[in-house]
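Asks: Sharing target37.tsv (TSV, N, CA and C atoms) below.
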```tsv
chain	number	residue	atom	x	y	z
A	1449	MET	N	36.72	24.34	13.59
A	1449	MET	CA	35.64	23.43	13.88
A	1449	MET	C	34.50	23.67	12.88
A	1450	ALA	N	33.89	22.62	12.42
A	1450	ALA	CA	32.82	22.73	11.42
A	1450	ALA	C	31.53	23.17	12.09
A	1451	ASN	N	30.72	23.86	11.30
A	1451	ASN	CA	29.40	24.27	11.79
A	1451	ASN	C	28.49	23.06	11.86
A	1452	TRP	N	27.53	23.09	12.77
A	1452	TRP	CA	26.60	21.97	12.95
A	1452	TRP	C	25.82	21.65	11.68
A	1453	PRO	N	25.24	22.62	10.95
A	1453	PRO	CA	24.50	22.24	9.74
A	1453	PRO	C	25.34	21.48	8.72
A	1454	GLU	N	26.63	21.83	8.61
A	1454	GLU	CA	27.49	21.11	7.66
A	1454	GLU	C	27.72	19.68	8.12
A	1455	VAL	N	27.93	19.48	9.41
A	1455	VAL	CA	28.15	18.15	9.96
A	1455	VAL	C	26.86	17.34	9.84
A	1456	ALA	N	25.72	17.96	10.14
A	1456	ALA	CA	24.45	17.26	10.10
A	1456	ALA	C	24.14	16.77	8.69
A	1457	ASP	N	24.54	17.51	7.69
A	1457	ASP	CA	24.27	17.09	6.32
A	1457	ASP	C	25.06	15.85	5.92
A	1458	THR	N	26.17	15.59	6.61
A	1458	THR	CA	26.98	14.42	6.27
A	1458	THR	C	26.56	13.19	7.06
A	1459	LEU	N	25.73	13.37	8.09
A	1459	LEU	CA	25.29	12.23	8.90
A	1459	LEU	C	24.27	11.39	8.13
A	1460	PRO	N	24.22	10.09	8.41
A	1460	PRO	CA	23.17	9.27	7.80
A	1460	PRO	C	21.80	9.74	8.27
A	1461	LEU	N	20.78	9.44	7.48
A	1461	LEU	CA	19.43	9.87	7.83
A	1461	LEU	C	19.00	9.35	9.20
A	1462	SER	N	19.40	8.12	9.54
A	1462	SER	CA	18.99	7.56	10.83
A	1462	SER	C	19.60	8.34	11.99
A	1463	ALA	N	20.79	8.89	11.81
A	1463	ALA	CA	21.41	9.67	12.87
A	1463	ALA	C	20.76	11.04	13.01
A	1464	ARG	N	20.07	11.50	11.99
A	1464	ARG	CA	19.38	12.79	12.05
A	1464	ARG	C	17.94	12.64	12.53
A	1465	GLY	N	17.53	11.44	12.95
A	1465	GLY	CA	16.20	11.25	13.48
A	1465	GLY	C	15.14	10.95	12.44
A	1466	TYR	N	15.54	10.60	11.21
A	1466	TYR	CA	14.60	10.33	10.14
A	1466	TYR	C	14.37	8.84	9.92
A	1467	GLY	N	15.02	7.97	10.65
A	1467	GLY	CA	14.91	6.55	10.39
A	1467	GLY	C	15.88	6.15	9.29
A	1468	THR	N	15.72	4.98	8.76
A	1468	THR	CA	16.62	4.51	7.70
A	1468	THR	C	16.24	5.15	6.38
A	1469	ALA	N	17.13	5.05	5.42
A	1469	ALA	CA	16.86	5.61	4.10
A	1469	ALA	C	15.64	4.94	3.49
A	1470	ARG	N	15.44	3.64	3.72
A	1470	ARG	CA	14.29	2.93	3.18
A	1470	ARG	C	13.01	3.48	3.79
A	1471	GLN	N	13.04	3.83	5.10
A	1471	GLN	CA	11.86	4.39	5.75
A	1471	GLN	C	11.55	5.78	5.23
A	1472	VAL	N	12.57	6.55	4.93
A	1472	VAL	CA	12.37	7.92	4.45
A	1472	VAL	C	11.82	7.92	3.03
A	1473	THR	N	12.43	7.15	2.14
A	1473	THR	CA	12.01	7.16	0.75
A	1473	THR	C	10.82	6.25	0.52
A	1474	GLY	N	10.59	5.29	1.40
A	1474	GLY	CA	9.50	4.35	1.22
A	1474	GLY	C	9.88	3.28	0.21
A	1475	SER	N	9.07	2.28	0.12
A	1475	SER	CA	9.33	1.24	-0.85
A	1475	SER	C	8.42	1.44	-2.05
A	1476	ILE	N	8.71	0.74	-3.11
A	1476	ILE	CA	7.88	0.84	-4.29
A	1476	ILE	C	6.51	0.29	-3.94
A	1477	MET	N	5.49	1.03	-4.27
A	1477	MET	CA	4.14	0.63	-3.91
A	1477	MET	C	3.72	-0.61	-4.68
A	1478	GLN	N	3.15	-1.56	-3.97
A	1478	GLN	CA	2.69	-2.79	-4.59
A	1478	GLN	C	1.32	-2.59	-5.21
A	1479	GLN	N	1.00	-3.44	-6.15
A	1479	GLN	CA	-0.32	-3.38	-6.78
A	1479	GLN	C	-1.38	-3.69	-5.74
A	1480	ASN	N	-2.48	-2.95	-5.81
A	1480	ASN	CA	-3.58	-3.21	-4.89
A	1480	ASN	C	-4.92	-3.25	-5.61
A	1481	LEU	N	-4.90	-3.30	-6.95
A	1481	LEU	CA	-6.12	-3.39	-7.74
A	1481	LEU	C	-6.14	-4.70	-8.51
A	1482	GLY	N	-7.27	-5.38	-8.45
A	1482	GLY	CA	-7.43	-6.63	-9.19
A	1482	GLY	C	-7.64	-6.38	-10.67
A	1483	THR	N	-7.58	-7.44	-11.44
A	1483	THR	CA	-7.71	-7.35	-12.89
A	1483	THR	C	-9.04	-6.76	-13.32
A	1484	PHE	N	-10.13	-7.21	-12.71
A	1484	PHE	CA	-11.46	-6.69	-13.06
A	1484	PHE	C	-11.55	-5.20	-12.77
A	1485	GLU	N	-11.10	-4.79	-11.59
A	1485	GLU	CA	-11.18	-3.38	-11.23
A	1485	GLU	C	-10.29	-2.51	-12.11
A	1486	ARG	N	-9.16	-3.04	-12.53
A	1486	ARG	CA	-8.30	-2.29	-13.44
A	1486	ARG	C	-9.02	-2.01	-14.75
A	1487	GLY	N	-9.73	-3.03	-15.26
A	1487	GLY	CA	-10.51	-2.84	-16.49
A	1487	GLY	C	-11.62	-1.83	-16.32
A	1488	VAL	N	-12.30	-1.89	-15.18
A	1488	VAL	CA	-13.37	-0.93	-14.89
A	1488	VAL	C	-12.81	0.48	-14.83
A	1489	ARG	N	-11.68	0.65	-14.17
A	1489	ARG	CA	-11.08	1.99	-14.06
A	1489	ARG	C	-10.61	2.51	-15.42
A	1490	LEU	N	-10.04	1.64	-16.24
A	1490	LEU	CA	-9.64	2.06	-17.58
A	1490	LEU	C	-10.85	2.51	-18.39
A	1491	SER	N	-11.92	1.73	-18.33
A	1491	SER	CA	-13.14	2.07	-19.08
A	1491	SER	C	-13.74	3.37	-18.57
A	1492	ALA	N	-13.82	3.53	-17.26
A	1492	ALA	CA	-14.38	4.75	-16.68
A	1492	ALA	C	-13.52	5.96	-17.05
A	1493	GLY	N	-12.21	5.78	-17.02
A	1493	GLY	CA	-11.32	6.88	-17.38
A	1493	GLY	C	-11.51	7.32	-18.82
A	1494	ILE	N	-11.67	6.36	-19.71
A	1494	ILE	CA	-11.92	6.68	-21.12
A	1494	ILE	C	-13.25	7.41	-21.27
A	1495	LEU	N	-14.27	6.97	-20.54
A	1495	LEU	CA	-15.57	7.65	-20.59
A	1495	LEU	C	-15.48	9.09	-20.09
A	1496	PHE	N	-14.77	9.31	-18.98
A	1496	PHE	CA	-14.63	10.66	-18.44
A	1496	PHE	C	-13.92	11.57	-19.43
A	1497	ILE	N	-12.85	11.08	-20.04
A	1497	ILE	CA	-12.11	11.90	-21.01
A	1497	ILE	C	-12.94	12.14	-22.26
A	1498	THR	N	-13.66	11.12	-22.71
A	1498	THR	CA	-14.53	11.28	-23.87
A	1498	THR	C	-15.61	12.33	-23.60
A	1499	TYR	N	-16.22	12.28	-22.41
A	1499	TYR	CA	-17.21	13.29	-22.04
A	1499	TYR	C	-16.62	14.69	-22.15
A	1500	SER	N	-15.42	14.87	-21.62
A	1500	SER	CA	-14.78	16.19	-21.66
A	1500	SER	C	-14.49	16.61	-23.10
A	1501	ALA	N	-14.11	15.68	-23.92
A	1501	ALA	CA	-13.71	16.00	-25.29
A	1501	ALA	C	-14.89	16.36	-26.18
A	1502	ILE	N	-16.07	15.81	-25.92
A	1502	ILE	CA	-17.20	16.06	-26.82
A	1502	ILE	C	-18.03	17.29	-26.42
A	1503	GLN	N	-17.70	17.92	-25.31
A	1503	GLN	CA	-18.44	19.10	-24.89
A	1503	GLN	C	-18.07	20.30	-25.77
A	1504	GLU	N	-19.04	21.16	-26.01
A	1504	GLU	CA	-18.79	22.34	-26.84
A	1504	GLU	C	-17.89	23.35	-26.13
A	1505	THR	N	-18.07	23.48	-24.84
A	1505	THR	CA	-17.23	24.39	-24.06
A	1505	THR	C	-16.41	23.57	-23.07
A	1506	PHE	N	-15.28	24.11	-22.67
A	1506	PHE	CA	-14.43	23.41	-21.72
A	1506	PHE	C	-14.34	24.28	-20.48
A	1507	GLY	N	-15.11	23.90	-19.47
A	1507	GLY	CA	-15.14	24.65	-18.23
A	1507	GLY	C	-14.60	23.83	-17.07
A	1508	LEU	N	-15.01	24.21	-15.88
A	1508	LEU	CA	-14.53	23.55	-14.67
A	1508	LEU	C	-14.95	22.08	-14.63
A	1509	ILE	N	-16.20	21.81	-14.93
A	1509	ILE	CA	-16.69	20.43	-14.89
A	1509	ILE	C	-15.94	19.55	-15.88
A	1510	GLU	N	-15.74	20.05	-17.08
A	1510	GLU	CA	-15.03	19.27	-18.09
A	1510	GLU	C	-13.57	19.07	-17.70
A	1511	GLY	N	-12.96	20.09	-17.11
A	1511	GLY	CA	-11.58	19.97	-16.65
A	1511	GLY	C	-11.43	18.94	-15.55
A	1512	LEU	N	-12.36	18.97	-14.59
A	1512	LEU	CA	-12.33	17.98	-13.52
A	1512	LEU	C	-12.59	16.58	-14.05
A	1513	SER	N	-13.50	16.47	-15.01
A	1513	SER	CA	-13.79	15.19	-15.62
A	1513	SER	C	-12.55	14.63	-16.33
A	1514	ALA	N	-11.86	15.47	-17.06
A	1514	ALA	CA	-10.64	15.03	-17.75
A	1514	ALA	C	-9.56	14.63	-16.75
A	1515	PHE	N	-9.42	15.39	-15.67
A	1515	PHE	CA	-8.42	15.09	-14.65
A	1515	PHE	C	-8.71	13.74	-13.98
A	1516	VAL	N	-9.96	13.53	-13.59
A	1516	VAL	CA	-10.35	12.26	-12.98
A	1516	VAL	C	-10.15	11.12	-13.98
A	1517	GLY	N	-10.46	11.36	-15.25
A	1517	GLY	CA	-10.26	10.34	-16.28
A	1517	GLY	C	-8.81	9.93	-16.39
A	1518	VAL	N	-7.91	10.90	-16.37
A	1518	VAL	CA	-6.48	10.60	-16.45
A	1518	VAL	C	-6.04	9.80	-15.23
A	1519	LEU	N	-6.51	10.19	-14.04
A	1519	LEU	CA	-6.15	9.45	-12.83
A	1519	LEU	C	-6.66	8.01	-12.89
A	1520	LEU	N	-7.88	7.82	-13.36
A	1520	LEU	CA	-8.43	6.47	-13.45
A	1520	LEU	C	-7.66	5.62	-14.46
A	1521	ILE	N	-7.27	6.22	-15.57
A	1521	ILE	CA	-6.49	5.48	-16.57
A	1521	ILE	C	-5.12	5.09	-15.99
A	1522	LEU	N	-4.47	6.01	-15.29
A	1522	LEU	CA	-3.19	5.68	-14.67
A	1522	LEU	C	-3.34	4.58	-13.63
A	1523	ASN	N	-4.42	4.62	-12.84
A	1523	ASN	CA	-4.69	3.55	-11.87
A	1523	ASN	C	-4.87	2.22	-12.59
A	1524	GLY	N	-5.63	2.23	-13.67
A	1524	GLY	CA	-5.89	1.00	-14.41
A	1524	GLY	C	-4.64	0.42	-15.03
A	1525	ILE	N	-3.78	1.26	-15.55
A	1525	ILE	CA	-2.54	0.79	-16.18
A	1525	ILE	C	-1.57	0.25	-15.13
A	1526	SER	N	-1.38	0.99	-14.05
A	1526	SER	CA	-0.38	0.60	-13.04
A	1526	SER	C	-0.87	-0.45	-12.06
A	1527	GLY	N	-2.20	-0.52	-11.86
A	1527	GLY	CA	-2.72	-1.46	-10.86
A	1527	GLY	C	-2.56	-0.96	-9.45
A	1528	ARG	N	-2.29	0.33	-9.30
A	1528	ARG	CA	-2.06	0.92	-7.99
A	1528	ARG	C	-3.00	2.10	-7.77
A	1529	CYS	N	-3.58	2.17	-6.58
A	1529	CYS	CA	-4.44	3.29	-6.21
A	1529	CYS	C	-3.96	3.81	-4.86
A	1530	TYR	N	-3.48	5.05	-4.85
A	1530	TYR	CA	-2.94	5.61	-3.63
A	1530	TYR	C	-4.02	5.86	-2.59
A	1531	LEU	N	-5.23	6.20	-2.99
A	1531	LEU	CA	-6.32	6.37	-2.03
A	1531	LEU	C	-6.63	5.05	-1.34
A	1532	TRP	N	-6.67	3.97	-2.11
A	1532	TRP	CA	-6.94	2.66	-1.52
A	1532	TRP	C	-5.81	2.25	-0.59
A	1533	ARG	N	-4.57	2.60	-0.94
A	1533	ARG	CA	-3.45	2.28	-0.06
A	1533	ARG	C	-3.60	3.03	1.26
A	1534	TRP	N	-3.97	4.29	1.17
A	1534	TRP	CA	-4.14	5.11	2.36
A	1534	TRP	C	-5.27	4.57	3.24
A	1535	LEU	N	-6.33	4.06	2.61
A	1535	LEU	CA	-7.46	3.50	3.34
A	1535	LEU	C	-7.22	2.05	3.77
A	1536	GLY	N	-6.14	1.43	3.28
A	1536	GLY	CA	-5.83	0.05	3.62
A	1536	GLY	C	-6.66	-0.97	2.85
A	1537	LEU	N	-7.19	-0.60	1.69
A	1537	LEU	CA	-8.02	-1.49	0.89
A	1537	LEU	C	-7.19	-2.16	-0.20
A	1538	LYS	N	-7.68	-3.31	-0.66
A	1538	LYS	CA	-6.98	-4.07	-1.69
A	1538	LYS	C	-8.00	-4.95	-2.39
A	1539	SER	N	-8.01	-4.95	-3.70
A	1539	SER	CA	-8.96	-5.80	-4.44
A	1539	SER	C	-8.26	-6.90	-5.22
A	1540	CYS	N	-6.99	-7.11	-4.97
A	1540	CYS	CA	-6.29	-8.18	-5.68
A	1540	CYS	C	-5.62	-9.10	-4.67
A	1541	GLN	N	-5.30	-10.28	-5.13
A	1541	GLN	CA	-4.53	-11.24	-4.35
A	1541	GLN	C	-3.10	-11.10	-4.85
A	1542	CYS	N	-2.33	-10.26	-4.21
A	1542	CYS	CA	-0.98	-9.95	-4.69
A	1542	CYS	C	0.06	-10.62	-3.81
A	1543	ASP	N	1.14	-11.07	-4.45
A	1543	ASP	CA	2.26	-11.60	-3.69
A	1543	ASP	C	3.14	-10.45	-3.22
A	1544	SER	N	4.22	-10.74	-2.58
A	1544	SER	CA	5.08	-9.70	-2.03
A	1544	SER	C	5.76	-8.87	-3.11
A	1545	GLY	N	5.85	-9.38	-4.33
A	1545	GLY	CA	6.48	-8.63	-5.40
A	1545	GLY	C	5.56	-7.64	-6.08
A	1546	GLY	N	4.29	-7.63	-5.72
A	1546	GLY	CA	3.36	-6.68	-6.28
A	1546	GLY	C	2.70	-7.14	-7.56
A	1547	VAL	N	2.93	-8.38	-7.95
A	1547	VAL	CA	2.31	-8.89	-9.16
A	1547	VAL	C	1.06	-9.65	-8.76
A	1548	SER	N	-0.05	-9.32	-9.40
A	1548	SER	CA	-1.29	-9.95	-9.00
A	1548	SER	C	-1.33	-11.41	-9.44
A	1549	ASP	N	-1.91	-12.24	-8.59
A	1549	ASP	CA	-2.08	-13.64	-8.92
A	1549	ASP	C	-3.13	-13.79	-10.00
A	1550	GLN	N	-2.90	-14.68	-10.93
A	1550	GLN	CA	-3.87	-14.92	-11.98
A	1550	GLN	C	-4.90	-15.91	-11.46
A	1551	SER	N	-6.12	-15.79	-11.94
A	1551	SER	CA	-7.16	-16.72	-11.52
A	1551	SER	C	-6.89	-18.09	-12.13
A	1552	ASP	N	-7.66	-19.07	-11.72
A	1552	ASP	CA	-7.45	-20.43	-12.18
A	1552	ASP	C	-8.06	-20.68	-13.55
A	1553	GLY	N	-8.24	-19.65	-14.34
A	1553	GLY	CA	-8.73	-19.82	-15.70
A	1553	GLY	C	-10.23	-19.95	-15.79
A	1554	GLY	N	-10.93	-19.59	-14.72
A	1554	GLY	CA	-12.37	-19.64	-14.76
A	1554	GLY	C	-12.95	-20.96	-14.29
A	1555	SER	N	-12.10	-21.94	-14.05
A	1555	SER	CA	-12.63	-23.22	-13.59
A	1555	SER	C	-12.84	-23.16	-12.08
A	1556	SER	N	-13.94	-23.67	-11.66
A	1556	SER	CA	-14.22	-23.70	-10.23
A	1556	SER	C	-14.70	-25.07	-9.86
A	1557	SER	N	-14.32	-25.49	-8.65
A	1557	SER	CA	-14.75	-26.79	-8.18
A	1557	SER	C	-15.97	-26.63	-7.31
A	1558	LYS	N	-16.94	-27.51	-7.50
A	1558	LYS	CA	-18.17	-27.43	-6.71
A	1558	LYS	C	-18.34	-28.68	-5.90
```
Here is the file; what I need is its structure written in the form of structure tokens.
Replies:
Amino acid sequence: MANWPEVADTLPLSARGYGTARQVTGSIMQQNLGTFERGVRLSAGILFITYSAIQETFGLIEGLSAFVGVLLILNGISGRCYLWRWLGLKSCQCDSGGVSDQSDGGSSSK
């Protein structure tokens, strides 16, 4: 007779109390940052990294600044912010595929 741990490893995740494989691994995170905010985050990230690079010494503040700069740049490039996802915030009008809707080209009706 097989040991329980060996049998449990062959069971599907849902049979082990973890839910479905999709629930365990999660889905690909959709974009939650709008175009304007992505640009702001990219610019801020570049400023943070530039600040760190021009300092004569590299200490804790410069290290944190560089780290935050890298995170902001990654947010700006990907259009995804995990903190905003956790807080349930969204600054873009995104469809179910995670691609942000483009504006109407700046034209507005009055």
Asks: For region 1516-1522 of chain A, find every residue with an atom within 12 Å (counting only C-alpha atoms), except residues of its own chain fewer than 6 positions away, and show them as a short mmCIF file (atom, residue, chain, number, x, y, z; two decimals) with N, CA and C atoms, in the frame of the given file.
Replies:
```
data_model
loop_
_atom_site.label_atom_id
_atom_site.label_comp_id
_atom_site.auth_asym_id
_atom_site.auth_seq_id
_atom_site.Cartn_x
_atom_site.Cartn_y
_atom_site.Cartn_z
N LEU A 1481 -4.90 -3.30 -6.95
CA LEU A 1481 -6.12 -3.39 -7.74
C LEU A 1481 -6.14 -4.70 -8.51
N GLU A 1485 -11.10 -4.79 -11.59
CA GLU A 1485 -11.18 -3.38 -11.23
C GLU A 1485 -10.29 -2.51 -12.11
N ARG A 1486 -9.16 -3.04 -12.53
CA ARG A 1486 -8.30 -2.29 -13.44
C ARG A 1486 -9.02 -2.01 -14.75
N GLY A 1487 -9.73 -3.03 -15.26
CA GLY A 1487 -10.51 -2.84 -16.49
C GLY A 1487 -11.62 -1.83 -16.32
N VAL A 1488 -12.30 -1.89 -15.18
CA VAL A 1488 -13.37 -0.93 -14.89
C VAL A 1488 -12.81 0.48 -14.83
N ARG A 1489 -11.68 0.65 -14.17
CA ARG A 1489 -11.08 1.99 -14.06
C ARG A 1489 -10.61 2.51 -15.42
N LEU A 1490 -10.04 1.64 -16.24
CA LEU A 1490 -9.64 2.06 -17.58
C LEU A 1490 -10.85 2.51 -18.39
N SER A 1491 -11.92 1.73 -18.33
CA SER A 1491 -13.14 2.07 -19.08
C SER A 1491 -13.74 3.37 -18.57
N ALA A 1492 -13.82 3.53 -17.26
CA ALA A 1492 -14.38 4.75 -16.68
C ALA A 1492 -13.52 5.96 -17.05
N GLY A 1493 -12.21 5.78 -17.02
CA GLY A 1493 -11.32 6.88 -17.38
C GLY A 1493 -11.51 7.32 -18.82
N ILE A 1494 -11.67 6.36 -19.71
CA ILE A 1494 -11.92 6.68 -21.12
C ILE A 1494 -13.25 7.41 -21.27
N LEU A 1495 -14.27 6.97 -20.54
CA LEU A 1495 -15.57 7.65 -20.59
C LEU A 1495 -15.48 9.09 -20.09
N PHE A 1496 -14.77 9.31 -18.98
CA PHE A 1496 -14.63 10.66 -18.44
C PHE A 1496 -13.92 11.57 -19.43
N ILE A 1497 -12.85 11.08 -20.04
CA ILE A 1497 -12.11 11.90 -21.01
C ILE A 1497 -12.94 12.14 -22.26
N THR A 1498 -13.66 11.12 -22.71
CA THR A 1498 -14.53 11.28 -23.87
C THR A 1498 -15.61 12.33 -23.60
N TYR A 1499 -16.22 12.28 -22.41
CA TYR A 1499 -17.21 13.29 -22.04
C TYR A 1499 -16.62 14.69 -22.15
N SER A 1500 -15.42 14.87 -21.62
CA SER A 1500 -14.78 16.19 -21.66
C SER A 1500 -14.49 16.61 -23.10
N ALA A 1501 -14.11 15.68 -23.92
CA ALA A 1501 -13.71 16.00 -25.29
C ALA A 1501 -14.89 16.36 -26.18
N ILE A 1509 -16.20 21.81 -14.93
CA ILE A 1509 -16.69 20.43 -14.89
C ILE A 1509 -15.94 19.55 -15.88
N GLU A 1510 -15.74 20.05 -17.08
CA GLU A 1510 -15.03 19.27 -18.09
C GLU A 1510 -13.57 19.07 -17.70
N ARG A 1528 -2.29 0.33 -9.30
CA ARG A 1528 -2.06 0.92 -7.99
C ARG A 1528 -3.00 2.10 -7.77
N CYS A 1529 -3.58 2.17 -6.58
CA CYS A 1529 -4.44 3.29 -6.21
C CYS A 1529 -3.96 3.81 -4.86
N TYR A 1530 -3.48 5.05 -4.85
CA TYR A 1530 -2.94 5.61 -3.63
C TYR A 1530 -4.02 5.86 -2.59
N LEU A 1531 -5.23 6.20 -2.99
CA LEU A 1531 -6.32 6.37 -2.03
C LEU A 1531 -6.63 5.05 -1.34
#
```
Asks: Could you work out how far CA of Cys1542 (chain A) lies from CA of Phe1484 (chain A), giving the answer in Å with one decimal?
Replies: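 About the pair CA of Phe1484 (chain A) and CA of Cys1542 (chain A): they are 13.8 Å apart.
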Asks: Would you work out the distance separating CA of Thr1483 (chain A) from CA of Trp1532 (chain A), expressed in Å to one decimal?
Replies: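 Going from CA of Thr1483 (chain A) over to CA of Trp1532 (chain A) covers 15.2 Å.
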Asks: Any idea what the distance is between atom N of Gly1524 (chain A) and atom N of Glu1504 (chain A)?
Replies: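 About the pair atom N of Gly1524 (chain A) and atom N of Glu1504 (chain A): they are 26.3 Å apart.
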Asks: With only C-alpha atoms as the basis for distance, which of A:Trp1534, A:Thr1505, A:Leu1512, A:Cys1540 is at the shortest distance from Gln1479 (chain A)?
Replies: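 Closest to Gln1479 (chain A), using only C-alpha atoms: A:Cys1540.
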Asks: Centre and edge lengths of an axis-aligned box around all listed atoms of region 1521-1529 of chain A, with 3 Å added on each side, are to be given in Å to one decimal, as JSON.
Replies:
```
{"center_x": -3.8, "center_y": 2.4, "center_z": -10.7, "size_x": 12.9, "size_y": 13.7, "size_z": 17.7}
```
